file work_26.csv (CSV, C-alpha atoms)
chain,number,residue,atom,x,y,z
A,1,ARG,CA,45.9,-14.8,-8.1
A,2,GLU,CA,42.2,-14.1,-7.9
A,3,ARG,CA,39.9,-16.0,-10.2
A,4,ALA,CA,37.8,-13.9,-12.6
A,5,SER,CA,34.5,-15.0,-10.9
A,6,GLU,CA,35.9,-13.8,-7.5
A,7,ARG,CA,36.8,-10.4,-8.9
A,8,ALA,CA,33.4,-10.1,-10.5
A,9,GLY,CA,31.8,-11.0,-7.2
A,10,ILE,CA,33.7,-8.2,-5.4
A,11,VAL,CA,32.7,-5.7,-8.1
A,12,ARG,CA,29.0,-6.7,-7.8
A,13,ARG,CA,29.3,-6.5,-4.0
A,14,ARG,CA,30.7,-3.0,-4.2
A,15,GLY,CA,28.1,-2.0,-6.8
A,16,ALA,CA,25.1,-3.0,-4.7
A,17,MET,CA,26.5,-1.6,-1.5
A,18,ASP,CA,27.7,1.7,-3.1
A,19,LEU,CA,24.3,2.1,-4.8
A,20,LYS,CA,22.6,1.5,-1.4
A,21,GLU,CA,24.7,4.2,0.2
A,22,GLN,CA,24.1,6.5,-2.7
A,23,GLY,CA,20.4,6.0,-2.2
A,24,ASN,CA,20.7,6.8,1.5
A,25,GLU,CA,22.5,10.1,0.7
A,26,LEU,CA,19.9,11.1,-1.9
A,27,PHE,CA,17.1,10.3,0.5
A,28,LYS,CA,18.6,12.5,3.2
A,29,ALA,CA,18.9,15.3,0.6
A,30,GLY,CA,15.2,15.0,-0.2
A,31,ARG,CA,15.9,13.7,-3.7
A,32,PHE,CA,13.4,10.8,-3.3
A,33,GLN,CA,13.0,10.0,-7.0
A,34,ASP,CA,16.8,9.7,-7.5
A,35,ALA,CA,17.0,7.7,-4.3
A,36,CYS,CA,14.4,5.3,-5.6
A,37,VAL,CA,16.4,4.8,-8.8
A,38,ALA,CA,19.5,4.1,-6.8
A,39,TYR,CA,17.8,1.5,-4.6
A,40,THR,CA,16.3,-0.1,-7.7
A,41,ASP,CA,19.7,-0.3,-9.3
A,42,ALA,CA,21.1,-1.8,-6.1
A,43,LEU,CA,18.4,-4.5,-6.1
A,44,ARG,CA,19.3,-5.3,-9.7
A,45,ALA,CA,23.0,-5.6,-8.8
A,46,LEU,CA,22.0,-8.1,-6.1
A,47,GLU,CA,20.0,-10.1,-8.5
A,48,ARG,CA,22.9,-10.2,-11.0
A,49,GLY,CA,25.2,-11.4,-8.2
A,50,ALA,CA,22.8,-14.3,-7.5
A,51,GLU,CA,22.8,-15.5,-11.1
A,52,GLY,CA,24.4,-18.8,-11.9
A,53,GLY,CA,27.8,-19.1,-13.5
A,54,ALA,CA,29.6,-16.7,-11.1
A,55,ALA,CA,30.5,-16.4,-7.5
A,56,PRO,CA,27.7,-14.8,-5.4
A,57,ALA,CA,28.2,-11.2,-4.8
A,58,LEU,CA,27.2,-11.5,-1.1
A,59,PRO,CA,26.8,-14.5,1.3
A,60,ALA,CA,23.1,-15.6,1.3
A,61,ASP,CA,22.3,-14.2,4.7
A,62,GLU,CA,23.9,-10.9,4.0
A,63,ALA,CA,22.3,-10.6,0.6
A,64,ARG,CA,18.9,-11.3,2.2
A,65,ALA,CA,19.4,-8.6,4.8
A,66,VAL,CA,20.5,-6.0,2.2
A,67,ARG,CA,17.6,-6.9,-0.1
A,68,ILE,CA,15.1,-6.4,2.8
A,69,THR,CA,16.7,-3.0,3.6
A,70,LEU,CA,16.6,-1.9,0.0
A,71,HIS,CA,12.9,-2.8,-0.4
A,72,SER,CA,12.2,-1.0,2.9
A,73,ASN,CA,14.2,2.1,1.8
A,74,ARG,CA,12.5,2.1,-1.6
A,75,ALA,CA,9.1,1.9,0.1
A,76,ALA,CA,10.0,5.0,2.1
A,77,CYS,CA,10.9,6.8,-1.1
A,78,ARG,CA,7.7,5.7,-2.8
A,79,LEU,CA,5.6,6.9,0.2
A,80,LYS,CA,7.2,10.3,-0.1
A,81,LEU,CA,6.4,10.3,-3.8
A,82,GLY,CA,2.8,9.3,-3.3
A,83,LEU,CA,3.4,5.9,-5.0
A,84,ASN,CA,1.4,4.0,-2.4
A,85,ALA,CA,0.6,0.9,-4.3
A,86,GLU,CA,4.3,0.5,-5.3
A,87,ALA,CA,5.4,1.2,-1.7
A,88,ALA,CA,3.0,-1.5,-0.4
A,89,ALA,CA,4.5,-3.9,-3.0
A,90,ASP,CA,8.0,-3.3,-1.7
A,91,CYS,CA,6.8,-3.9,1.8
A,92,ASP,CA,5.1,-7.2,0.7
A,93,ALA,CA,8.4,-8.4,-0.9
A,94,ALA,CA,10.4,-7.6,2.2
A,95,LEU,CA,7.9,-8.9,4.8
A,96,ALA,CA,7.8,-12.2,2.9
A,97,GLU,CA,11.4,-12.6,4.2
A,98,ASP,CA,11.1,-10.8,7.5
A,99,GLY,CA,7.5,-10.8,8.7
A,100,GLY,CA,8.2,-9.2,12.0
A,101,ASN,CA,10.0,-6.1,10.7
A,102,LEU,CA,8.4,-3.2,12.6
A,103,LYS,CA,9.5,-0.5,10.1
A,104,LEU,CA,8.0,-2.5,7.2
A,105,LEU,CA,4.8,-3.2,9.0
A,106,TYR,CA,4.4,0.5,9.7
A,107,ARG,CA,5.2,1.6,6.1
A,108,ARG,CA,2.8,-1.0,4.6
A,109,ALA,CA,0.1,0.2,7.0
A,110,LYS,CA,0.8,3.8,5.9
A,111,ALA,CA,0.6,2.8,2.2
A,112,ASN,CA,-2.6,0.9,2.6
A,113,PHE,CA,-4.1,3.7,4.6
A,114,ALA,CA,-3.4,6.1,1.8
A,115,LEU,CA,-5.0,3.6,-0.6
A,116,LYS,CA,-8.1,3.5,1.7
A,117,LYS,CA,-7.4,-0.2,2.4
A,118,LEU,CA,-8.3,0.2,6.1
A,119,GLU,CA,-8.6,-3.5,7.1
A,120,PRO,CA,-5.1,-4.6,6.0
A,121,ALA,CA,-3.7,-1.4,7.5
A,122,VAL,CA,-5.3,-2.0,10.8
A,123,HIS,CA,-4.0,-5.6,10.7
A,124,ASP,CA,-0.4,-4.5,10.3
A,125,VAL,CA,-0.6,-1.9,13.0
A,126,ARG,CA,-2.1,-4.4,15.4
A,127,ARG,CA,0.7,-6.8,14.6
A,128,LEU,CA,3.2,-4.0,15.1
A,129,LEU,CA,1.8,-3.0,18.5
A,130,ASP,CA,1.7,-6.7,19.6
A,131,LEU,CA,5.5,-6.7,18.9
A,132,ASP,CA,6.2,-3.2,20.3
A,133,PRO,CA,3.4,-2.0,22.5
A,134,SER,CA,5.2,1.3,23.3
A,135,ASN,CA,5.5,2.3,19.6
A,136,LYS,CA,4.0,5.8,19.6
A,137,ALA,CA,3.9,6.2,15.8
A,138,ALA,CA,1.9,3.0,15.5
A,139,ALA,CA,-0.5,4.0,18.3
A,140,ASP,CA,-1.0,7.4,16.6
A,141,LEU,CA,-1.6,5.7,13.3
A,142,MET,CA,-4.2,3.3,14.9
A,143,LEU,CA,-6.1,6.4,16.1
A,144,GLU,CA,-6.1,7.8,12.6
A,145,LEU,CA,-7.3,4.4,11.1
A,146,ARG,CA,-10.1,4.2,13.7
A,147,ALA,CA,-11.3,7.7,12.8
A,148,ALA,CA,-11.2,6.9,9.1
A,149,ALA,CA,-13.1,3.7,9.7
A,150,GLN,CA,-15.8,5.5,11.6
A,151,GLU,CA,-16.0,8.1,8.8
A,152,MET,CA,-16.3,5.4,6.2
A,153,ASN,CA,-19.0,3.6,8.2
A,154,SER,CA,-20.9,6.9,8.5
A,155,THR,CA,-20.6,7.6,4.8
A,156,SER,CA,-21.7,4.1,4.0
A,157,SER,CA,-24.7,4.4,6.3
A,158,GLN,CA,-25.7,7.7,4.8
A,159,THR,CA,-25.5,6.3,1.3
A,160,MET,CA,-27.6,3.3,2.2
A,161,GLU,CA,-30.2,5.6,3.7
A,162,VAL,CA,-30.4,7.5,0.5
A,163,ILE,CA,-30.8,4.2,-1.5
A,164,GLY,CA,-33.4,3.1,0.9
A,165,ALA,CA,-35.3,6.4,0.6
A,166,ALA,CA,-35.1,6.0,-3.2
A,167,GLY,CA,-36.7,2.6,-3.0
A,168,SER,CA,-39.7,4.1,-1.1
A,169,ALA,CA,-40.0,7.2,-3.3
A,170,SER,CA,-43.5,7.8,-4.6
A,171,THR,CA,-42.5,8.9,-8.2
A,172,ASP,CA,-39.8,7.9,-10.7
A,173,LYS,CA,-38.6,11.5,-10.7
A,174,GLU,CA,-38.0,11.5,-7.0
A,175,ARG,CA,-36.3,8.1,-7.0
A,176,THR,CA,-34.0,9.1,-9.9
A,177,SER,CA,-33.1,12.3,-8.1
A,178,LYS,CA,-32.1,10.5,-4.9
A,179,LEU,CA,-30.1,7.9,-6.7
A,180,ARG,CA,-28.3,10.4,-8.9
A,181,SER,CA,-27.2,12.2,-5.8
A,182,VAL,CA,-25.2,9.2,-4.5
A,183,LEU,CA,-24.2,7.3,-7.7
A,184,GLY,CA,-21.6,9.9,-8.7
A,185,THR,CA,-19.9,9.6,-5.4
A,186,ILE,CA,-20.0,5.8,-5.5
A,187,LEU,CA,-18.5,5.7,-8.9
A,188,ASP,CA,-15.6,7.9,-7.8
A,189,ASP,CA,-14.9,5.9,-4.6
A,190,ALA,CA,-14.3,2.2,-5.1
A,191,HIS,CA,-13.9,1.6,-1.4
A,192,LEU,CA,-17.3,3.2,-0.6
A,193,ALA,CA,-18.8,1.1,-3.4
A,194,ALA,CA,-17.3,-2.1,-1.9
A,195,SER,CA,-18.6,-1.1,1.5
A,196,ILE,CA,-22.2,-0.6,0.4
A,197,VAL,CA,-22.1,-3.8,-1.7
A,198,ASN,CA,-21.3,-5.6,1.5
A,199,ARG,CA,-24.4,-3.9,3.1
A,200,GLY,CA,-26.7,-5.2,0.4
A,201,ALA,CA,-26.9,-2.2,-2.0
A,202,CYS,CA,-26.9,-4.4,-5.1
A,203,GLU,CA,-29.9,-6.4,-3.9
A,204,GLN,CA,-31.8,-3.2,-3.1
A,205,LEU,CA,-31.0,-1.6,-6.5
A,206,TRP,CA,-32.0,-4.8,-8.3
A,207,ALA,CA,-35.2,-5.0,-6.4
A,208,MET,CA,-36.0,-1.4,-7.5
A,209,HIS,CA,-35.1,-2.2,-11.0
A,210,LYS,CA,-37.4,-5.2,-11.2
A,211,GLN,CA,-40.2,-3.0,-9.8
A,212,ALA,CA,-39.5,-0.2,-12.3
A,213,PRO,CA,-36.5,-0.3,-14.6
A,214,LEU,CA,-33.8,2.2,-13.7
A,215,ALA,CA,-32.4,4.5,-16.4
A,216,ILE,CA,-30.1,7.0,-14.7
A,217,LYS,CA,-27.4,9.1,-16.3
A,218,VAL,CA,-24.8,10.2,-13.8

call {"tool": "encode", "arguments": {"input": "work_26.csv", "output": "structure tokens"}}
result
Amino acid sequence: RERASERAGIVRRRGAMDLKEQGNELFKAGRFQDACVAYTDALRALERGAEGGAAPALPADEARAVRITLHSNRAACRLKLGLNAEAAADCDAALAEDGGNLKLLYRRAKANFALKKLEPAVHDVRRLLDLDPSNKAAADLMLELRAAAQEMNSTSSQTMEVIGAAGSASTDKERTSKLRSVLGTILDDAHLAASIVNRGACEQLWAMHKQAPLAIKV
């Protein structure tokens, strides 16, 4: 006769695996939100199976593999839904257990690219191409990342030129006009702001302020 804990373990095992398969079917049907919920419920079922006081729902190695797959699948759903930060978090969790997973590296790179986090995205794609040099999707993504980096550098350079021109303006009105033209863009783009900070924008603005206090409404 089965012990109660063994029966509970079988129920949990079926629950997690059934939910995983349900999520797969929902994903194939384009029901990404529902698939995301199914994968989340499957992860919770795995967690419940690992709690003390009962037999584990899955052997440790199998549970690890299923957990990685669930995070990967949920990341795919979240990318489809535009939940890029959440997708990256899923990839982080899975890559902590399987750092060489090509699919996860690609998905995290896609998520970070959408978040305009170009450096970590490039790092993941380089790692992916080191592991699989013939991966066309990764090669194509690298081209997109390089183009985006060039555009960001160009925008940063143009912004710094305007700030520099404001510093050499002959009147407060001219200086204010030049700065107002870029400050709105900077405030709307955190990554551009970070880029020009690294180029010394804060020092230039502070020098201008010391010379003649800035009072600009954007």

call {"tool": "atom_distance", "arguments": {"input": "work_26.csv", "atom1": "CA of Thr69 in chain A", "atom2": "CA of Asp132 in chain A"}}
result
19.7 Å

call {"tool": "atom_distance", "arguments": {"input": "work_26.csv", "atom1": "CA of Asp18 in chain A", "atom2": "CA of Glu47 in chain A"}}
result
15.1 Å

call {"tool": "residues_around", "arguments": {"input": "work_26.csv", "residues": "range 98-106 of chain A", "least_positions_apart": "6", "cutoff": "12 Å", "atoms": "all atoms listed in the file", "output": "MDAnalysis selection string"}}
result
chainID A and resid 64:76 79 87:92 112:113 120:133 135:142

call {"tool": "atom_distance", "arguments": {"input": "work_26.csv", "atom1": "CA of Leu183 in chain A", "atom2": "CA of Glu161 in chain A"}}
result
13.0 Å

call {"tool": "closest_atom_pairs", "arguments": {"input": "work_26.csv", "of": "range 23-136 of chain A", "to": "range 187-203 of chain A", "cutoff": "10 Å", "atoms": "only C-alpha atoms", "output": "Markdown table"}}
result
| residue | atom | partner | partner_atom | distance |
| --- | --- | --- | --- | --- |
| A:Leu115 | CA | A:His191 | CA | 9.2 |
| A:Lys116 | CA | A:His191 | CA | 6.8 |
| A:Lys117 | CA | A:His191 | CA | 7.7 |
| A:Leu118 | CA | A:His191 | CA | 9.5 |

call {"tool": "residues_around", "arguments": {"input": "work_26.csv", "residues": "Phe27 in chain A", "least_positions_apart": "2", "cutoff": "10 Å", "atoms": "only C-alpha atoms", "output": "list in words"}}
result
Glu21, Gln22, Gly23, Asn24, Glu25, Ala29, Gly30, Arg31, Phe32, Gln33, Asp34, Ala35, Cys36, Ala38, Asn73, Arg74, Ala76, Cys77 and Lys80 of chain A

call {"tool": "residues_around", "arguments": {"input": "work_26.csv", "residues": "Ile163 in chain A", "least_positions_apart": "5", "cutoff": "8 Å", "atoms": "all atoms listed in the file", "output": "number ranges by chain"}}
result
A: 178-179, 201, 204-205

call {"tool": "closest_residue", "arguments": {"input": "work_26.csv", "among": "A:Ala63, A:Ile186, A:Ala111, A:Gly15", "to": "Leu83 in chain A", "atoms": "all atoms listed in the file"}}
result
A:Ala111

call {"tool": "residues_around", "arguments": {"input": "work_26.csv", "residues": "Ser181 in chain A", "least_positions_apart": "4", "cutoff": "9 Å", "atoms": "all atoms listed in the file", "output": "PDB file with C-alpha atoms, in the frame of the given file"}}
result
ATOM      1  CA  VAL A 162     -30.400   7.500   0.500  1.00  0.00           C
ATOM      2  CA  THR A 176     -34.000   9.100  -9.900  1.00  0.00           C
ATOM      3  CA  SER A 177     -33.100  12.300  -8.100  1.00  0.00           C
ATOM      4  CA  THR A 185     -19.900   9.600  -5.400  1.00  0.00           C
ATOM      5  CA  VAL A 218     -24.800  10.200 -13.800  1.00  0.00           C
TER       6      VAL A 218
END

call {"tool": "residues_around", "arguments": {"input": "work_26.csv", "residues": "Arg175 in chain A", "least_positions_apart": "4", "cutoff": "10 Å", "atoms": "only C-alpha atoms", "output": "MDAnalysis selection string"}}
result
chainID A and resid 162:171 179:180 208 214 216

call {"tool": "build_atoms", "arguments": {"input": "work_26.csv", "residues": "range 67-100 of chain A", "atoms": "N, CA and C atoms", "output": "PDB file, in the coordinates of the input"}}
result
ATOM      1  N   ARG A  67      18.771  -6.995   0.795  1.00  0.00           N
ATOM      2  CA  ARG A  67      17.600  -6.900  -0.100  1.00  0.00           C
ATOM      3  C   ARG A  67      16.373  -6.405   0.737  1.00  0.00           C
ATOM      4  N   ILE A  68      16.212  -6.858   1.969  1.00  0.00           N
ATOM      5  CA  ILE A  68      15.100  -6.400   2.800  1.00  0.00           C
ATOM      6  C   ILE A  68      15.253  -4.884   3.052  1.00  0.00           C
ATOM      7  N   THR A  69      16.463  -4.437   3.356  1.00  0.00           N
ATOM      8  CA  THR A  69      16.700  -3.000   3.600  1.00  0.00           C
ATOM      9  C   THR A  69      16.428  -2.185   2.356  1.00  0.00           C
ATOM     10  N   LEU A  70      16.844  -2.681   1.202  1.00  0.00           N
ATOM     11  CA  LEU A  70      16.600  -1.900   0.000  1.00  0.00           C
ATOM     12  C   LEU A  70      15.133  -1.800  -0.343  1.00  0.00           C
ATOM     13  N   HIS A  71      14.375  -2.877  -0.158  1.00  0.00           N
ATOM     14  CA  HIS A  71      12.900  -2.800  -0.400  1.00  0.00           C
ATOM     15  C   HIS A  71      12.292  -1.819   0.623  1.00  0.00           C
ATOM     16  N   SER A  72      12.758  -1.871   1.851  1.00  0.00           N
ATOM     17  CA  SER A  72      12.200  -1.000   2.900  1.00  0.00           C
ATOM     18  C   SER A  72      12.539   0.487   2.544  1.00  0.00           C
ATOM     19  N   ASN A  73      13.770   0.736   2.134  1.00  0.00           N
ATOM     20  CA  ASN A  73      14.200   2.100   1.800  1.00  0.00           C
ATOM     21  C   ASN A  73      13.440   2.613   0.560  1.00  0.00           C
ATOM     22  N   ARG A  74      13.261   1.723  -0.411  1.00  0.00           N
ATOM     23  CA  ARG A  74      12.500   2.100  -1.600  1.00  0.00           C
ATOM     24  C   ARG A  74      11.064   2.406  -1.290  1.00  0.00           C
ATOM     25  N   ALA A  75      10.520   1.615  -0.371  1.00  0.00           N
ATOM     26  CA  ALA A  75       9.100   1.900   0.100  1.00  0.00           C
ATOM     27  C   ALA A  75       9.017   3.249   0.693  1.00  0.00           C
ATOM     28  N   ALA A  76      10.021   3.631   1.498  1.00  0.00           N
ATOM     29  CA  ALA A  76      10.000   5.000   2.100  1.00  0.00           C
ATOM     30  C   ALA A  76      10.027   6.057   1.046  1.00  0.00           C
ATOM     31  N   CYS A  77      10.847   5.865   0.015  1.00  0.00           N
ATOM     32  CA  CYS A  77      10.900   6.800  -1.100  1.00  0.00           C
ATOM     33  C   CYS A  77       9.533   6.908  -1.784  1.00  0.00           C
ATOM     34  N   ARG A  78       8.953   5.760  -2.044  1.00  0.00           N
ATOM     35  CA  ARG A  78       7.700   5.700  -2.800  1.00  0.00           C
ATOM     36  C   ARG A  78       6.556   6.347  -1.969  1.00  0.00           C
ATOM     37  N   LEU A  79       6.591   6.178  -0.667  1.00  0.00           N
ATOM     38  CA  LEU A  79       5.600   6.900   0.200  1.00  0.00           C
ATOM     39  C   LEU A  79       5.757   8.371   0.051  1.00  0.00           C
ATOM     40  N   LYS A  80       6.989   8.854   0.043  1.00  0.00           N
ATOM     41  CA  LYS A  80       7.200  10.300  -0.100  1.00  0.00           C
ATOM     42  C   LYS A  80       6.745  10.802  -1.453  1.00  0.00           C
ATOM     43  N   LEU A  81       6.812   9.944  -2.467  1.00  0.00           N
ATOM     44  CA  LEU A  81       6.400  10.300  -3.800  1.00  0.00           C
ATOM     45  C   LEU A  81       4.934  10.095  -4.079  1.00  0.00           C
ATOM     46  N   GLY A  82       4.230   9.550  -3.089  1.00  0.00           N
ATOM     47  CA  GLY A  82       2.800   9.300  -3.300  1.00  0.00           C
ATOM     48  C   GLY A  82       2.539   8.016  -4.082  1.00  0.00           C
ATOM     49  N   LEU A  83       3.553   7.179  -4.264  1.00  0.00           N
ATOM     50  CA  LEU A  83       3.400   5.900  -5.000  1.00  0.00           C
ATOM     51  C   LEU A  83       3.031   4.815  -4.016  1.00  0.00           C
ATOM     52  N   ASN A  84       1.820   4.884  -3.508  1.00  0.00           N
ATOM     53  CA  ASN A  84       1.400   4.000  -2.400  1.00  0.00           C
ATOM     54  C   ASN A  84       1.310   2.564  -2.726  1.00  0.00           C
ATOM     55  N   ALA A  85       0.754   2.267  -3.895  1.00  0.00           N
ATOM     56  CA  ALA A  85       0.600   0.900  -4.300  1.00  0.00           C
ATOM     57  C   ALA A  85       2.010   0.232  -4.467  1.00  0.00           C
ATOM     58  N   GLU A  86       2.933   0.986  -5.058  1.00  0.00           N
ATOM     59  CA  GLU A  86       4.300   0.500  -5.300  1.00  0.00           C
ATOM     60  C   GLU A  86       5.009   0.333  -3.910  1.00  0.00           C
ATOM     61  N   ALA A  87       4.770   1.279  -2.998  1.00  0.00           N
ATOM     62  CA  ALA A  87       5.400   1.200  -1.700  1.00  0.00           C
ATOM     63  C   ALA A  87       4.863  -0.072  -0.942  1.00  0.00           C
ATOM     64  N   ALA A  88       3.568  -0.335  -1.048  1.00  0.00           N
ATOM     65  CA  ALA A  88       3.000  -1.500  -0.400  1.00  0.00           C
ATOM     66  C   ALA A  88       3.613  -2.801  -1.021  1.00  0.00           C
ATOM     67  N   ALA A  89       3.848  -2.791  -2.328  1.00  0.00           N
ATOM     68  CA  ALA A  89       4.500  -3.900  -3.000  1.00  0.00           C
ATOM     69  C   ALA A  89       5.872  -4.195  -2.489  1.00  0.00           C
ATOM     70  N   ASP A  90       6.639  -3.120  -2.292  1.00  0.00           N
ATOM     71  CA  ASP A  90       8.000  -3.300  -1.700  1.00  0.00           C
ATOM     72  C   ASP A  90       7.916  -3.886  -0.332  1.00  0.00           C
ATOM     73  N   CYS A  91       6.978  -3.398   0.459  1.00  0.00           N
ATOM     74  CA  CYS A  91       6.800  -3.900   1.800  1.00  0.00           C
ATOM     75  C   CYS A  91       6.424  -5.413   1.771  1.00  0.00           C
ATOM     76  N   ASP A  92       5.546  -5.764   0.840  1.00  0.00           N
ATOM     77  CA  ASP A  92       5.100  -7.200   0.700  1.00  0.00           C
ATOM     78  C   ASP A  92       6.354  -8.050   0.430  1.00  0.00           C
ATOM     79  N   ALA A  93       7.204  -7.591  -0.492  1.00  0.00           N
ATOM     80  CA  ALA A  93       8.400  -8.400  -0.900  1.00  0.00           C
ATOM     81  C   ALA A  93       9.312  -8.572   0.320  1.00  0.00           C
ATOM     82  N   ALA A  94       9.530  -7.519   1.097  1.00  0.00           N
ATOM     83  CA  ALA A  94      10.400  -7.600   2.200  1.00  0.00           C
ATOM     84  C   ALA A  94       9.834  -8.377   3.397  1.00  0.00           C
ATOM     85  N   LEU A  95       8.554  -8.169   3.652  1.00  0.00           N
ATOM     86  CA  LEU A  95       7.900  -8.900   4.800  1.00  0.00           C
ATOM     87  C   LEU A  95       7.763 -10.360   4.507  1.00  0.00           C
ATOM     88  N   ALA A  96       7.797 -10.751   3.235  1.00  0.00           N
ATOM     89  CA  ALA A  96       7.800 -12.200   2.900  1.00  0.00           C
ATOM     90  C   ALA A  96       9.046 -12.853   3.460  1.00  0.00           C
ATOM     91  N   GLU A  97      10.113 -12.072   3.662  1.00  0.00           N
ATOM     92  CA  GLU A  97      11.400 -12.600   4.200  1.00  0.00           C
ATOM     93  C   GLU A  97      11.584 -12.256   5.654  1.00  0.00           C
ATOM     94  N   ASP A  98      10.895 -11.230   6.110  1.00  0.00           N
ATOM     95  CA  ASP A  98      11.100 -10.800   7.500  1.00  0.00           C
ATOM     96  C   ASP A  98       9.732 -10.256   8.019  1.00  0.00           C
ATOM     97  N   GLY A  99       8.855 -11.182   8.365  1.00  0.00           N
ATOM     98  CA  GLY A  99       7.500 -10.800   8.700  1.00  0.00           C
ATOM     99  C   GLY A  99       7.297 -10.012   9.948  1.00  0.00           C
ATOM    100  N   GLY A 100       8.310  -9.949  10.805  1.00  0.00           N
ATOM    101  CA  GLY A 100       8.200  -9.200  12.000  1.00  0.00           C
ATOM    102  C   GLY A 100       8.918  -7.859  12.013  1.00  0.00           C
TER     103      GLY A 100
END
